[in-house]
$ cat target_24.cif   # mmCIF, C-alpha atoms and all ligand atoms
data_target
#
loop_
_atom_site.label_atom_id
_atom_site.label_comp_id
_atom_site.auth_asym_id
_atom_site.auth_seq_id
_atom_site.Cartn_x
_atom_site.Cartn_y
_atom_site.Cartn_z
CA SER A 1 17.89 -102.81 172.81
CA LEU A 2 17.19 -99.17 173.51
CA ARG A 3 19.76 -96.84 172.01
CA VAL A 4 20.43 -94.01 174.45
CA GLY A 5 23.09 -91.34 174.76
CA VAL A 6 24.92 -89.55 177.52
CA LEU A 7 25.88 -85.97 176.71
CA ALA A 8 29.66 -86.27 176.88
CA LEU A 9 31.01 -82.73 176.89
CA GLN A 10 31.97 -82.56 180.59
CA GLY A 11 30.95 -84.23 183.84
CA ASP A 12 30.36 -87.75 185.14
CA VAL A 13 29.63 -89.36 181.78
CA ARG A 14 31.25 -92.75 182.50
CA GLU A 15 29.09 -93.48 185.54
CA HIS A 16 25.89 -92.93 183.57
CA LEU A 17 27.11 -95.06 180.66
CA ALA A 18 27.92 -97.86 183.13
CA VAL A 19 24.45 -97.79 184.77
CA LEU A 20 22.62 -97.70 181.44
CA THR A 21 24.75 -100.52 180.01
CA ALA A 22 24.17 -102.63 183.13
CA LEU A 23 20.43 -102.12 182.58
CA GLY A 24 20.74 -103.58 179.09
CA ALA A 25 20.63 -100.39 177.04
CA ASP A 26 22.88 -99.66 174.09
CA ALA A 27 24.44 -96.57 175.70
CA ARG A 28 26.93 -94.34 173.97
CA PRO A 29 28.51 -90.90 174.46
CA VAL A 30 27.00 -88.02 172.48
CA ARG A 31 29.28 -85.17 171.38
CA ARG A 32 28.05 -84.35 167.89
CA PRO A 33 24.65 -83.61 166.33
CA GLU A 34 24.87 -86.82 164.25
CA GLU A 35 25.30 -88.82 167.45
CA LEU A 36 22.29 -87.11 169.00
CA ALA A 37 20.23 -87.94 165.93
CA ALA A 38 21.06 -91.64 166.40
CA VAL A 39 19.70 -92.03 169.95
CA GLU A 40 16.20 -92.39 171.38
CA GLY A 41 16.89 -90.71 174.72
CA LEU A 42 19.60 -88.60 176.34
CA VAL A 43 21.09 -88.36 179.83
CA LEU A 44 22.58 -85.02 180.89
CA PRO A 45 25.25 -85.76 183.50
CA GLY A 46 26.38 -83.97 186.62
CA GLY A 47 29.27 -81.59 186.21
CA GLU A 48 29.27 -77.84 185.75
CA SER A 49 26.14 -76.60 184.02
CA SER A 50 27.67 -73.36 182.72
CA VAL A 51 30.55 -75.27 181.12
CA ILE A 52 28.25 -77.87 179.56
CA ASP A 53 26.08 -75.03 178.23
CA LYS A 54 29.09 -73.30 176.61
CA LEU A 55 30.45 -76.52 175.15
CA ALA A 56 27.02 -77.51 173.82
CA ARG A 57 26.92 -74.26 171.89
CA ALA A 58 30.54 -74.67 170.70
CA PHE A 59 29.82 -78.23 169.51
CA GLY A 60 26.65 -77.20 167.68
CA LEU A 61 24.50 -79.26 170.03
CA PHE A 62 22.53 -76.54 171.80
CA ASP A 63 19.80 -76.05 169.21
CA PRO A 64 19.58 -79.76 168.28
CA ILE A 65 19.07 -80.68 171.96
CA ARG A 66 16.37 -78.03 172.31
CA ALA A 67 14.72 -79.36 169.18
CA ALA A 68 14.91 -82.94 170.50
CA ILE A 69 13.22 -81.85 173.73
CA ALA A 70 10.49 -80.06 171.77
CA ASP A 71 10.09 -83.25 169.72
CA GLY A 72 9.50 -85.29 172.90
CA MET A 73 12.81 -87.13 173.24
CA PRO A 74 13.05 -88.53 176.78
CA MET A 75 15.85 -87.00 178.84
CA TYR A 76 17.17 -87.46 182.35
CA GLY A 77 19.35 -84.81 183.98
CA THR A 78 21.28 -85.24 187.22
CA CYS A 79 22.48 -82.19 189.14
CA ALA A 80 24.04 -79.97 186.46
CA GLY A 81 21.81 -81.90 184.04
CA LEU A 82 18.72 -80.88 186.04
CA ILE A 83 19.86 -77.24 185.79
CA LEU A 84 20.20 -77.64 182.01
CA LEU A 85 16.62 -78.94 181.75
CA ALA A 86 15.15 -76.13 183.87
CA ASP A 87 13.30 -73.29 182.16
CA ARG A 88 14.58 -70.81 184.77
CA ILE A 89 17.68 -70.64 186.96
CA ASP A 90 18.76 -68.54 189.91
CA GLY A 91 22.47 -67.98 190.32
CA ALA A 92 23.36 -68.41 186.67
CA ILE A 93 26.68 -67.03 185.56
CA THR A 94 26.46 -64.20 183.02
CA GLY A 95 25.16 -65.46 179.71
CA GLN A 96 24.39 -68.97 181.00
CA GLN A 97 21.53 -70.58 179.11
CA THR A 98 19.61 -73.80 179.54
CA PHE A 99 17.97 -76.21 177.13
CA GLY A 100 14.80 -75.96 179.21
CA GLY A 101 11.74 -78.18 179.03
CA LEU A 102 10.98 -78.50 182.73
CA ASP A 103 8.65 -75.74 183.91
CA VAL A 104 10.67 -75.13 187.07
CA ARG A 105 12.95 -72.57 188.65
CA VAL A 106 16.16 -74.12 189.91
CA GLN A 107 18.55 -72.49 192.33
CA ARG A 108 22.17 -73.35 191.55
CA ASN A 109 24.42 -74.31 194.47
CA ALA A 110 21.35 -74.25 196.67
CA PHE A 111 23.01 -75.75 199.70
CA GLY A 112 25.67 -73.10 200.21
CA SER A 113 29.40 -73.26 200.50
CA GLN A 114 29.75 -74.85 203.92
CA THR A 115 27.69 -77.93 203.31
CA GLN A 116 28.54 -78.30 199.66
CA SER A 117 28.03 -82.05 199.81
CA PHE A 118 25.74 -84.18 201.93
CA GLU A 119 23.89 -87.48 201.82
CA THR A 120 20.41 -88.36 202.96
CA ASP A 121 17.77 -91.03 202.56
CA LEU A 122 14.87 -89.71 200.52
CA ALA A 123 11.36 -91.09 200.21
CA VAL A 124 10.41 -91.21 196.52
CA PRO A 125 6.80 -92.48 196.43
CA ALA A 126 6.88 -92.95 192.64
CA LEU A 127 9.73 -95.47 193.07
CA GLY A 128 8.38 -97.24 196.16
CA ASP A 129 10.62 -98.85 198.76
CA PRO A 130 13.39 -98.66 199.76
CA PRO A 131 14.07 -94.91 199.99
CA VAL A 132 16.74 -93.47 197.73
CA HIS A 133 20.15 -92.87 199.23
CA ALA A 134 20.80 -89.45 197.71
CA VAL A 135 24.23 -87.82 197.37
CA PHE A 136 24.19 -84.06 196.83
CA ILE A 137 27.36 -82.41 195.46
CA ARG A 138 27.15 -78.60 195.13
CA ALA A 139 23.62 -79.46 194.18
CA PRO A 140 20.77 -77.35 192.86
CA ALA A 141 17.21 -77.42 194.20
CA VAL A 142 13.87 -76.78 192.54
CA VAL A 143 12.34 -73.78 194.30
CA GLU A 144 9.27 -73.18 192.08
CA TRP A 145 7.41 -75.38 189.65
CA GLY A 146 4.48 -75.02 187.30
CA PRO A 147 1.35 -77.20 187.14
CA ASP A 148 2.79 -79.65 184.60
CA ALA A 149 5.97 -80.35 186.58
CA GLU A 150 5.46 -83.13 189.10
CA PRO A 151 7.69 -83.17 192.20
CA LEU A 152 8.89 -86.74 192.89
CA ALA A 153 10.88 -86.04 196.05
CA SER A 154 11.36 -83.18 198.48
CA LEU A 155 13.63 -82.35 201.38
CA PRO A 156 12.08 -81.69 204.81
CA ASP A 157 12.36 -77.92 204.10
CA GLY A 158 10.03 -78.30 201.09
CA ARG A 159 12.58 -77.85 198.33
CA VAL A 160 12.07 -80.30 195.49
CA VAL A 161 15.03 -82.46 194.48
CA ALA A 162 13.46 -84.82 191.92
CA VAL A 163 10.95 -83.75 189.29
CA GLU A 164 9.26 -85.13 186.20
CA GLN A 165 7.35 -83.49 183.38
CA GLY A 166 6.16 -85.76 180.62
CA ARG A 167 9.25 -87.73 179.55
CA LEU A 168 11.72 -85.31 181.12
CA LEU A 169 13.18 -86.37 184.46
CA GLY A 170 15.58 -84.50 186.72
CA THR A 171 17.27 -85.13 190.05
CA ALA A 172 19.42 -82.74 192.07
CA PHE A 173 21.43 -85.73 193.32
CA HIS A 174 23.55 -88.44 191.70
CA PRO A 175 21.99 -91.94 191.57
CA GLU A 176 24.68 -92.93 189.08
CA SER A 177 27.32 -92.86 191.80
CA THR A 178 25.54 -94.92 194.49
CA GLY A 179 24.30 -98.04 192.72
CA GLU A 180 20.74 -96.67 192.61
CA THR A 181 19.27 -97.68 189.25
CA ARG A 182 15.56 -96.86 189.56
CA PHE A 183 15.72 -93.39 188.01
CA HIS A 184 17.64 -94.72 185.01
CA GLU A 185 15.08 -97.54 184.72
CA ARG A 186 12.32 -94.94 184.73
CA PHE A 187 14.14 -93.01 181.99
CA LEU A 188 14.39 -96.22 179.94
CA VAL A 189 10.64 -96.81 180.44
CA HIS A 190 10.05 -93.35 178.94
CA VAL A 191 12.27 -94.28 176.00
CA ARG A 192 10.43 -97.58 175.47
CA GLU A 193 7.03 -95.84 175.71
CA ARG A 194 8.04 -93.26 173.16
CA ARG A 195 9.24 -95.99 170.82
CA GLY A 196 5.85 -97.66 171.29
CA ALA A 197 4.21 -94.35 170.37
CA GLY A 198 5.79 -94.53 166.92
CA ALA A 199 9.12 -92.76 167.28
CA PRO A 200 11.79 -94.14 164.97
CA ALA A 201 13.64 -97.11 166.48
CA PHE A 202 17.15 -98.15 165.52
N1 LIG A 301 27.04 -76.74 190.90
C1 LIG A 301 27.04 -77.38 189.62
C2 LIG A 301 26.40 -76.51 188.56
O1 LIG A 301 25.88 -75.47 188.88
C3 LIG A 301 26.32 -78.72 189.66
C4 LIG A 301 27.09 -79.70 190.50
C5 LIG A 301 26.96 -81.13 190.08
O2 LIG A 301 26.51 -81.44 188.96
N2 LIG A 301 27.41 -82.02 190.90
O3 LIG A 301 26.42 -76.85 187.42
#

$ encode --input "target_24.cif" --output "structure tokens"
Amino acid sequence: SLRVGVLALQGDVREHLAVLTALGADARPVRRPEELAAVEGLVLPGGESSVIDKLARAFGLFDPIRAAIADGMPMYGTCAGLILLADRIDGAITGQQTFGGLDVRVQRNAFGSQTQSFETDLAVPALGDPPVHAVFIRAPAVVEWGPDAEPLASLPDGRVVAVEQGRLLGTAFHPESTGETRFHERFLVHVRERRGAGAPAF
């Protein structure tokens, strides 16, 4: 089976592990560089991006994750995880860094303080029917993207909330908490494709 990790420094790690396990993957938490080196793909969970950034540096994972992205390891970030995959962020706290990889600018807490959470049904043509029931929790939005970043879903106001670039996937919402499995399946397809392209399997 595909050996994938969930970055387990902070955030909704358990939910992602449960979805990936239900899809037949060998999913395990990643907290140390050795654990990162033993997986073929990595999920970056929702949580607080500035905290995950700080902890990644404290745990010696920041540079290894950047190197893994540069090496083509498939990754899927939800919410805070999308922020961590963005090359540029608006509303970062002082000193906040990202792993990067997605040529996008993400606005943190894009939906303001009054409507911090909302749900909506989103058309995602790349996933087909039915639409995705998307839950946004103090969510970011993609407000600019470069030519290699492909928007997969947008809100009626034009802001992008799901994006893909090569084998990097990000959503501003949380499929892991609603029983939606198609984004995780897509991530696992990326992992399988990369294995097929000659990456080391375990
Ligand atoms: N607002 C959080 C951040 O900036 C993201 C929220 C979430 O992951 N649910 O990291």

$ closest_residue --input "target_24.cif" --among "A:Glu176, A:Glu35, A:Asp148, A:Asp63" --to "ligand LIG 301 (chain A)" --atoms "all atoms listed in the file"
A:Glu176

$ closest_atom_pairs --input "target_24.cif" --of "chain A" --to "ligand LIG 301 (chain A)" --cutoff "12 Å" --atoms "only C-alpha atoms and all ligand atoms" --output "CSV"
residue,atom,partner,partner_atom,distance
A:Gln10,CA,A:LIG301,O2,10.1
A:Gly11,CA,A:LIG301,O2,7.3
A:Asp12,CA,A:LIG301,O2,8.3
A:Val13,CA,A:LIG301,O2,11.1
A:Leu44,CA,A:LIG301,O2,9.7
A:Pro45,CA,A:LIG301,O2,7.1
A:Gly46,CA,A:LIG301,O2,3.4
A:Gly47,CA,A:LIG301,O2,3.9
A:Glu48,CA,A:LIG301,O3,3.4
A:Ser49,CA,A:LIG301,O3,3.4
A:Ser50,CA,A:LIG301,O3,6.0
A:Val51,CA,A:LIG301,O3,7.7
A:Ile52,CA,A:LIG301,O3,8.1
A:Asp53,CA,A:LIG301,O3,9.4
A:Lys54,CA,A:LIG301,O3,11.7
A:Gly77,CA,A:LIG301,O2,9.4
A:Thr78,CA,A:LIG301,O2,6.7
A:Cys79,CA,A:LIG301,O2,4.1
A:Ala80,CA,A:LIG301,O2,3.8
A:Gly81,CA,A:LIG301,O2,6.8
A:Leu82,CA,A:LIG301,O2,8.3
A:Ile83,CA,A:LIG301,O3,6.8
A:Leu84,CA,A:LIG301,O3,8.3
A:Leu85,CA,A:LIG301,O3,11.5
A:Ala86,CA,A:LIG301,O3,11.8
A:Ile89,CA,A:LIG301,O1,9.7
A:Asp90,CA,A:LIG301,O1,10.0
A:Gly91,CA,A:LIG301,O1,8.4
A:Ala92,CA,A:LIG301,O1,7.8
A:Ile93,CA,A:LIG301,O1,9.1
A:Gln96,CA,A:LIG301,O1,10.3
A:Gln97,CA,A:LIG301,O3,11.5
A:Thr98,CA,A:LIG301,O3,10.9
A:Val106,CA,A:LIG301,O1,9.9
A:Gln107,CA,A:LIG301,O1,8.6
A:Arg108,CA,A:LIG301,O1,5.0
A:Asn109,CA,A:LIG301,N1,5.1
A:Ala110,CA,A:LIG301,N1,8.5
A:Phe111,CA,A:LIG301,N1,9.7
A:Gly112,CA,A:LIG301,N1,10.1
A:Ser113,CA,A:LIG301,N1,10.5
A:Gln116,CA,A:LIG301,N1,9.0
A:Ser117,CA,A:LIG301,N2,8.9
A:Phe118,CA,A:LIG301,N2,11.4
A:Val135,CA,A:LIG301,N2,9.3
A:Phe136,CA,A:LIG301,N2,7.0
A:Ile137,CA,A:LIG301,N2,4.6
A:Arg138,CA,A:LIG301,N1,4.6
A:Ala139,CA,A:LIG301,C4,5.1
A:Pro140,CA,A:LIG301,C3,6.6
A:Ala141,CA,A:LIG301,C3,10.3
A:Gly170,CA,A:LIG301,O2,11.6
A:Thr171,CA,A:LIG301,O2,10.0
A:Ala172,CA,A:LIG301,O2,7.9
A:Phe173,CA,A:LIG301,N2,7.4
A:His174,CA,A:LIG301,N2,7.5
A:Pro175,CA,A:LIG301,N2,11.3
A:Glu176,CA,A:LIG301,N2,11.4
A:Ser177,CA,A:LIG301,N2,10.9

$ write_last_selection --input "target_24.cif" --atoms "C-alpha atoms" --output "compact mmCIF listing (two decimals), keeping the file's coordinate frame"
# COMPACT_ATOMS: atom_id res chain seq x y z
CA GLN A 10 31.97 -82.56 180.59
CA GLY A 11 30.95 -84.23 183.84
CA ASP A 12 30.36 -87.75 185.14
CA VAL A 13 29.63 -89.36 181.78
CA LEU A 44 22.58 -85.02 180.89
CA PRO A 45 25.25 -85.76 183.50
CA GLY A 46 26.38 -83.97 186.62
CA GLY A 47 29.27 -81.59 186.21
CA GLU A 48 29.27 -77.84 185.75
CA SER A 49 26.14 -76.60 184.02
CA SER A 50 27.67 -73.36 182.72
CA VAL A 51 30.55 -75.27 181.12
CA ILE A 52 28.25 -77.87 179.56
CA ASP A 53 26.08 -75.03 178.23
CA LYS A 54 29.09 -73.30 176.61
CA GLY A 77 19.35 -84.81 183.98
CA THR A 78 21.28 -85.24 187.22
CA CYS A 79 22.48 -82.19 189.14
CA ALA A 80 24.04 -79.97 186.46
CA GLY A 81 21.81 -81.90 184.04
CA LEU A 82 18.72 -80.88 186.04
CA ILE A 83 19.86 -77.24 185.79
CA LEU A 84 20.20 -77.64 182.01
CA LEU A 85 16.62 -78.94 181.75
CA ALA A 86 15.15 -76.13 183.87
CA ILE A 89 17.68 -70.64 186.96
CA ASP A 90 18.76 -68.54 189.91
CA GLY A 91 22.47 -67.98 190.32
CA ALA A 92 23.36 -68.41 186.67
CA ILE A 93 26.68 -67.03 185.56
CA GLN A 96 24.39 -68.97 181.00
CA GLN A 97 21.53 -70.58 179.11
CA THR A 98 19.61 -73.80 179.54
CA VAL A 106 16.16 -74.12 189.91
CA GLN A 107 18.55 -72.49 192.33
CA ARG A 108 22.17 -73.35 191.55
CA ASN A 109 24.42 -74.31 194.47
CA ALA A 110 21.35 -74.25 196.67
CA PHE A 111 23.01 -75.75 199.70
CA GLY A 112 25.67 -73.10 200.21
CA SER A 113 29.40 -73.26 200.50
CA GLN A 116 28.54 -78.30 199.66
CA SER A 117 28.03 -82.05 199.81
CA PHE A 118 25.74 -84.18 201.93
CA VAL A 135 24.23 -87.82 197.37
CA PHE A 136 24.19 -84.06 196.83
CA ILE A 137 27.36 -82.41 195.46
CA ARG A 138 27.15 -78.60 195.13
CA ALA A 139 23.62 -79.46 194.18
CA PRO A 140 20.77 -77.35 192.86
CA ALA A 141 17.21 -77.42 194.20
CA GLY A 170 15.58 -84.50 186.72
CA THR A 171 17.27 -85.13 190.05
CA ALA A 172 19.42 -82.74 192.07
CA PHE A 173 21.43 -85.73 193.32
CA HIS A 174 23.55 -88.44 191.70
CA PRO A 175 21.99 -91.94 191.57
CA GLU A 176 24.68 -92.93 189.08
CA SER A 177 27.32 -92.86 191.80

$ closest_residue --input "target_24.cif" --among "A:Pro64, A:Pro131, A:Pro74, A:Pro33" --to "Arg3 in chain A" --atoms "all atoms listed in the file"
A:Pro74

$ atom_distance --input "target_24.cif" --atom1 "CA of Arg88 in chain A" --atom2 "CA of Leu152 in chain A"
18.8 Å

$ atom_distance --input "target_24.cif" --atom1 "CA of Gly158 in chain A" --atom2 "CA of Val142 in chain A"
9.5 Å

$ residues_around --input "target_24.cif" --residues "Leu188 in chain A" --least-positions-apart "2" --cutoff "12 Å" --atoms "only C-alpha atoms" --output "VMD selection string"
chain A and resid 1 to 5 19 to 21 23 to 27 40 to 43 73 to 76 167 to 169 181 to 186 190 to 195

$ write_last_selection --input "target_24.cif" --atoms "C-alpha atoms" --output "short mmCIF file (atom, residue, chain, number, x, y, z; two decimals), in the frame of the given file"
data_model
loop_
_atom_site.label_atom_id
_atom_site.label_comp_id
_atom_site.auth_asym_id
_atom_site.auth_seq_id
_atom_site.Cartn_x
_atom_site.Cartn_y
_atom_site.Cartn_z
CA SER A 1 17.89 -102.81 172.81
CA LEU A 2 17.19 -99.17 173.51
CA ARG A 3 19.76 -96.84 172.01
CA VAL A 4 20.43 -94.01 174.45
CA GLY A 5 23.09 -91.34 174.76
CA VAL A 19 24.45 -97.79 184.77
CA LEU A 20 22.62 -97.70 181.44
CA THR A 21 24.75 -100.52 180.01
CA LEU A 23 20.43 -102.12 182.58
CA GLY A 24 20.74 -103.58 179.09
CA ALA A 25 20.63 -100.39 177.04
CA ASP A 26 22.88 -99.66 174.09
CA ALA A 27 24.44 -96.57 175.70
CA GLU A 40 16.20 -92.39 171.38
CA GLY A 41 16.89 -90.71 174.72
CA LEU A 42 19.60 -88.60 176.34
CA VAL A 43 21.09 -88.36 179.83
CA MET A 73 12.81 -87.13 173.24
CA PRO A 74 13.05 -88.53 176.78
CA MET A 75 15.85 -87.00 178.84
CA TYR A 76 17.17 -87.46 182.35
CA ARG A 167 9.25 -87.73 179.55
CA LEU A 168 11.72 -85.31 181.12
CA LEU A 169 13.18 -86.37 184.46
CA THR A 181 19.27 -97.68 189.25
CA ARG A 182 15.56 -96.86 189.56
CA PHE A 183 15.72 -93.39 188.01
CA HIS A 184 17.64 -94.72 185.01
CA GLU A 185 15.08 -97.54 184.72
CA ARG A 186 12.32 -94.94 184.73
CA HIS A 190 10.05 -93.35 178.94
CA VAL A 191 12.27 -94.28 176.00
CA ARG A 192 10.43 -97.58 175.47
CA GLU A 193 7.03 -95.84 175.71
CA ARG A 194 8.04 -93.26 173.16
CA ARG A 195 9.24 -95.99 170.82
#

$ atom_distance --input "target_24.cif" --atom1 "CA of Val39 in chain A" --atom2 "CA of Val163 in chain A"
22.8 Å

$ closest_residue --input "target_24.cif" --among "A:Arg57, A:Arg159, A:Arg14, A:His133" --to "Glu119 in chain A" --atoms "only C-alpha atoms"
A:His133

$ residues_around --input "target_24.cif" --residues "Ala123 in chain A" --least-positions-apart "3" --cutoff "12 Å" --atoms "only C-alpha atoms" --output "PyMOL selection string"
chain A and resi 120+126-134+151-156+160-162

$ build_atoms --input "target_24.cif" --residues "range 176-202 of chain A" --atoms "N, CA and C atoms" --output "PDB file, in the frame of the given file"
ATOM      1  N   GLU A 176      23.679 -92.185 189.855  1.00  0.00           N
ATOM      2  CA  GLU A 176      24.680 -92.930 189.080  1.00  0.00           C
ATOM      3  C   GLU A 176      25.920 -93.263 189.887  1.00  0.00           C
ATOM      4  N   SER A 177      26.094 -92.600 191.042  1.00  0.00           N
ATOM      5  CA  SER A 177      27.320 -92.860 191.800  1.00  0.00           C
ATOM      6  C   SER A 177      27.066 -93.685 193.057  1.00  0.00           C
ATOM      7  N   THR A 178      25.820 -94.176 193.253  1.00  0.00           N
ATOM      8  CA  THR A 178      25.540 -94.920 194.490  1.00  0.00           C
ATOM      9  C   THR A 178      24.940 -96.308 194.231  1.00  0.00           C
ATOM     10  N   GLY A 179      24.895 -96.737 192.986  1.00  0.00           N
ATOM     11  CA  GLY A 179      24.300 -98.040 192.720  1.00  0.00           C
ATOM     12  C   GLY A 179      22.779 -98.001 192.640  1.00  0.00           C
ATOM     13  N   GLU A 180      22.195 -96.838 192.741  1.00  0.00           N
ATOM     14  CA  GLU A 180      20.740 -96.670 192.610  1.00  0.00           C
ATOM     15  C   GLU A 180      20.397 -96.660 191.112  1.00  0.00           C
ATOM     16  N   THR A 181      19.550 -97.584 190.695  1.00  0.00           N
ATOM     17  CA  THR A 181      19.270 -97.680 189.250  1.00  0.00           C
ATOM     18  C   THR A 181      17.838 -97.288 188.888  1.00  0.00           C
ATOM     19  N   ARG A 182      16.992 -97.003 189.867  1.00  0.00           N
ATOM     20  CA  ARG A 182      15.560 -96.860 189.560  1.00  0.00           C
ATOM     21  C   ARG A 182      15.229 -95.629 188.719  1.00  0.00           C
ATOM     22  N   PHE A 183      16.000 -94.555 188.870  1.00  0.00           N
ATOM     23  CA  PHE A 183      15.720 -93.390 188.010  1.00  0.00           C
ATOM     24  C   PHE A 183      16.111 -93.671 186.569  1.00  0.00           C
ATOM     25  N   HIS A 184      17.240 -94.365 186.381  1.00  0.00           N
ATOM     26  CA  HIS A 184      17.640 -94.720 185.010  1.00  0.00           C
ATOM     27  C   HIS A 184      16.640 -95.704 184.400  1.00  0.00           C
ATOM     28  N   GLU A 185      16.117 -96.622 185.230  1.00  0.00           N
ATOM     29  CA  GLU A 185      15.080 -97.540 184.720  1.00  0.00           C
ATOM     30  C   GLU A 185      13.852 -96.760 184.286  1.00  0.00           C
ATOM     31  N   ARG A 186      13.482 -95.765 185.078  1.00  0.00           N
ATOM     32  CA  ARG A 186      12.320 -94.940 184.730  1.00  0.00           C
ATOM     33  C   ARG A 186      12.563 -94.189 183.415  1.00  0.00           C
ATOM     34  N   PHE A 187      13.763 -93.660 183.255  1.00  0.00           N
ATOM     35  CA  PHE A 187      14.140 -93.010 181.990  1.00  0.00           C
ATOM     36  C   PHE A 187      14.003 -94.007 180.830  1.00  0.00           C
ATOM     37  N   LEU A 188      14.477 -95.227 181.025  1.00  0.00           N
ATOM     38  CA  LEU A 188      14.390 -96.220 179.940  1.00  0.00           C
ATOM     39  C   LEU A 188      12.936 -96.606 179.653  1.00  0.00           C
ATOM     40  N   VAL A 189      12.075 -96.590 180.676  1.00  0.00           N
ATOM     41  CA  VAL A 189      10.640 -96.810 180.440  1.00  0.00           C
ATOM     42  C   VAL A 189      10.087 -95.703 179.533  1.00  0.00           C
ATOM     43  N   HIS A 190      10.486 -94.465 179.802  1.00  0.00           N
ATOM     44  CA  HIS A 190      10.050 -93.350 178.940  1.00  0.00           C
ATOM     45  C   HIS A 190      10.497 -93.583 177.500  1.00  0.00           C
ATOM     46  N   VAL A 191      11.734 -94.055 177.351  1.00  0.00           N
ATOM     47  CA  VAL A 191      12.270 -94.280 176.000  1.00  0.00           C
ATOM     48  C   VAL A 191      11.462 -95.383 175.300  1.00  0.00           C
ATOM     49  N   ARG A 192      11.178 -96.464 176.053  1.00  0.00           N
ATOM     50  CA  ARG A 192      10.430 -97.580 175.470  1.00  0.00           C
ATOM     51  C   ARG A 192       9.003 -97.139 175.100  1.00  0.00           C
ATOM     52  N   GLU A 193       8.380 -96.346 175.988  1.00  0.00           N
ATOM     53  CA  GLU A 193       7.030 -95.840 175.710  1.00  0.00           C
ATOM     54  C   GLU A 193       7.019 -94.974 174.465  1.00  0.00           C
ATOM     55  N   ARG A 194       8.026 -94.156 174.328  1.00  0.00           N
ATOM     56  CA  ARG A 194       8.040 -93.260 173.160  1.00  0.00           C
ATOM     57  C   ARG A 194       8.246 -94.084 171.889  1.00  0.00           C
ATOM     58  N   ARG A 195       9.064 -95.125 171.981  1.00  0.00           N
ATOM     59  CA  ARG A 195       9.240 -95.990 170.820  1.00  0.00           C
ATOM     60  C   ARG A 195       7.894 -96.615 170.452  1.00  0.00           C
ATOM     61  N   GLY A 196       7.163 -97.065 171.498  1.00  0.00           N
ATOM     62  CA  GLY A 196       5.850 -97.660 171.290  1.00  0.00           C
ATOM     63  C   GLY A 196       4.874 -96.675 170.654  1.00  0.00           C
ATOM     64  N   ALA A 197       5.100 -95.372 170.910  1.00  0.00           N
ATOM     65  CA  ALA A 197       4.210 -94.350 170.370  1.00  0.00           C
ATOM     66  C   ALA A 197       4.572 -93.982 168.933  1.00  0.00           C
ATOM     67  N   GLY A 198       5.522 -94.718 168.350  1.00  0.00           N
ATOM     68  CA  GLY A 198       5.790 -94.530 166.920  1.00  0.00           C
ATOM     69  C   GLY A 198       7.039 -93.761 166.587  1.00  0.00           C
ATOM     70  N   ALA A 199       7.863 -93.429 167.606  1.00  0.00           N
ATOM     71  CA  ALA A 199       9.120 -92.760 167.280  1.00  0.00           C
ATOM     72  C   ALA A 199      10.031 -93.745 166.555  1.00  0.00           C
ATOM     73  N   PRO A 200      10.918 -93.236 165.707  1.00  0.00           N
ATOM     74  CA  PRO A 200      11.790 -94.140 164.970  1.00  0.00           C
ATOM     75  C   PRO A 200      12.683 -94.946 165.916  1.00  0.00           C
ATOM     76  N   ALA A 201      12.750 -96.245 165.708  1.00  0.00           N
ATOM     77  CA  ALA A 201      13.640 -97.110 166.480  1.00  0.00           C
ATOM     78  C   ALA A 201      14.857 -97.414 165.621  1.00  0.00           C
ATOM     79  N   PHE A 202      15.915 -97.898 166.274  1.00  0.00           N
ATOM     80  CA  PHE A 202      17.150 -98.150 165.520  1.00  0.00           C
ATOM     81  C   PHE A 202      17.495 -99.614 165.555  1.00  0.00           C
TER      82      PHE A 202
END
